[in-house]
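Q: One structure, as structure tokens, below. Some questions next.
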Amino acid sequence: MSDAHSPDTPAPGVGRRTALLGAGAAAAGALLAPGLLAPGLLGPAPAGAARTAPVLPRYTFLREALDTSSLAYNPTGELIFPCLRGTAGRLSGAPGRFLLYYAPHDAPGGICLAYADSPEGPFTEHPGNPIVSRTWSPHYSVSHVSSPHVMWNAEHREMWLYFHGENTTTRLARSRNGIDFDYQGTVLTTAMVPGTTEASYARVFEHPLPDRGARYVMVFMRNSTGGNRSIGWGWSADGITFDFDPRPLVSHSSVGVANLSGPHVLERGGSTYVAYHTDRGDIRLTEVGRDFSLRNHLGVVHSPLAGPPDSGRSAAPSYGSDGGTQYMFYEAGARLGATIAIARAG
């Protein structure tokens, strides 16, 4: 089927308004914010793409975040979608300066937590894992929950957890301590984005879009009825009720691959970028601009290690900094067999 619009062409500022399902209590938490991105080396850009000044530093594998063989909760032997958040000045009585959220993907999944006093670890598994499970009465009962992304909501001084379960549905829970969460409701389903069969792996960031009356943006993986995965996006005034662009933010065809996933928003030098992984095992970058109107595909910015732990696949990058040192946490290894890796800039 042909489309009069390029799949990367931004839609007008009118999306599909979603309704919040359910309600929950307020909460508070902490975050390792995206770092100021230092100059580094970009990988090769696709033919015809405009070259710009380097955006991301070169990240070098440091170590695995967790010893998977010693985890008390590790039902499927695979860990995905790391999200690191700082607690200093935000959470009182936190078990560490940093909280690392992660999950298995396959059933039963489960949102898990580890903590440390440095982004470089060592990380200690929280004894209450999973802190969010696949059954949360009376709100839902699903085969699995996964892909945790936690946002520090400065307005409410709360930790907001976005996660999926099933793959058609993204949910929100809120916490005052980053550990104990109250269910808020559903924020994204495939019914809200026409022509999709999955809408998951969402991350939400505070990013004002005045022309849309929005304070937050969401990026997520969208699977089309044709079986190809691209990056979708939406915007929201409150982080709960979102409008969604019916077309991809980054289309798989525009970067020459079959599938994209694991998006993360980055800001540097007055512009905005989305990093994501591809089915070729690499991590790429697209500049979308402050208002998300650009589609400047910058190519590969991180290539996986040939050997362990990547073994040809780096995915679901999550970026941050501590004391001026920049880090990337990511999935390392084959899909459904990955672990969490730490890479450091420089």
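Naming scheme: A, B, ... for chains in displayed order of the structure tokens; residues 1 onward per chain; ligands 1 onward as shown.
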Could you please write out, as an mmCIF file with C-alpha atoms, in the first residue's frame, every residue of stretch 111-142 of chain A that DSSP assigns to strand (DSSP E)?
A:
data_model
loop_
_atom_site.group_PDB
_atom_site.id
_atom_site.type_symbol
_atom_site.label_atom_id
_atom_site.label_comp_id
_atom_site.auth_asym_id
_atom_site.auth_seq_id
_atom_site.Cartn_x
_atom_site.Cartn_y
_atom_site.Cartn_z
ATOM 1 C CA CYS A 112 13.507 -5.866 39.160
ATOM 2 C CA LEU A 113 15.771 -3.543 41.117
ATOM 3 C CA ALA A 114 19.447 -3.455 42.097
ATOM 4 C CA TYR A 115 21.386 -0.686 43.823
ATOM 5 C CA ALA A 116 24.925 0.677 44.139
ATOM 6 C CA THR A 124 23.307 -5.549 44.853
ATOM 7 C CA GLU A 125 20.048 -7.270 43.990
ATOM 8 C CA THR A 135 -0.260 -10.030 38.377
ATOM 9 C CA TRP A 136 -1.395 -6.896 40.189
ATOM 10 C CA TYR A 140 -4.214 -6.680 35.595
ATOM 11 C CA SER A 141 -3.100 -10.289 35.151
#
Q: Fewer than 4 positions away in the same chain doesn't count, so skip those; otherwise give me all residues within 10 Å of A:Leu336, counting only C-alpha atoms, as an MDAnalysis selection string.
A: chainID A and resid 76:80 104:106
Q: Under the rule that only C-alpha atoms are counted, which of A:Val257, A:Ala315, A:Met328, A:Met151 is the nearest residue to A:Pro57?
A: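 Going through A:Val257, A:Ala315, A:Met328, A:Met151 one by one, the smallest distance to A:Pro57 is for A:Met328.
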Q: Distance atom CA of A:Asp282-atom CA of A:Gly234, one decimal place?
A: 24.5 Å
Q: As an exercise, work out the distance from atom CA of A:Ser253 to atom CA of A:Val193 in Å and give it to one decimal place.
A: 18.6 Å
Q: Give the answer as one residue: which of A:Pro75, A:Pro119, A:Pro304, A:Pro148 has the shortest atom-to-atom distance to A:Gly96, using only C-alpha atoms?
A: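 Result for the nearest residue to A:Gly96: A:Pro119.
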Q: DSSP on the backbone: which residues in stretch 70-217 of chain A end up as helix (DSSP H, G or I)? Give the answer as a PDB file with C-alpha atoms, in the first residue's frame.
A:
ATOM      1  CA  SER A  70      24.007 -15.344  41.747  1.00  0.00           C
ATOM      2  CA  THR A 190      -2.055  -0.560  20.109  1.00  0.00           C
ATOM      3  CA  ALA A 191      -5.611   0.751  19.799  1.00  0.00           C
ATOM      4  CA  MET A 192      -4.200   4.264  20.232  1.00  0.00           C
ATOM      5  CA  PRO A 210       5.122  24.491  23.685  1.00  0.00           C
ATOM      6  CA  ASP A 211       3.389  24.326  20.311  1.00  0.00           C
ATOM      7  CA  ARG A 212       1.725  21.083  21.385  1.00  0.00           C
TER       8      ARG A 212
END
Q: Just want the 8 Å neighbourhood of stretch 158-174 of chain A, counted on only C-alpha atoms, with same-chain residues fewer than 3 positions away dropped. Output as a VMD selection string.
A: chain A and resid 24 to 30 134 142 to 155 177 to 178 181 to 190 197 to 204 240
Q: Need to verify the contact set: A:Gly227, 9 Å, only C-alpha atoms, exclusion of same-chain residues closer than 4 positions in sequence. Can you return it as a ChimeraX atom specification?
A: /A:197,223,258-259
Q: Which residue gives the smallest distance to A:Asp310 among A:Val288, A:Leu298, A:Ala338, A:Ala107, with only C-alpha atoms counted?
A: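 Answer, going by the shortest atom-to-atom distance: A:Ala338.
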Q: Applying 10 Å and only C-alpha atoms, which residues near A:His302 remain after dropping the ones on its own chain fewer than 5 positions away? List them as a ChimeraX atom specification.
A: /A:41-43,56-60,275,277,281-285,314-315,317
Q: Nearest to A:Ala306: which of A:Ala332, A:Val55, A:Ala214, A:Ser261 is it, counting only C-alpha atoms?
A: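 Closest to A:Ala306 of all the choices is A:Ala332.
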Q: Could you tell me how far atom CA of A:Asp279 sits from atom CA of A:Phe244, in Å to one decimal place?
A: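 So the two atoms, atom CA of A:Phe244 and atom CA of A:Asp279, lie 24.3 Å apart.
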Q: Given the choices A:Ser303, A:Asn296, A:Thr278, A:Thr87, which gets closest to A:Asn228 if the distance is worked out from only C-alpha atoms?
A: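 Ranking A:Ser303, A:Asn296, A:Thr278, A:Thr87 by distance to A:Asn228, first place goes to A:Thr278.
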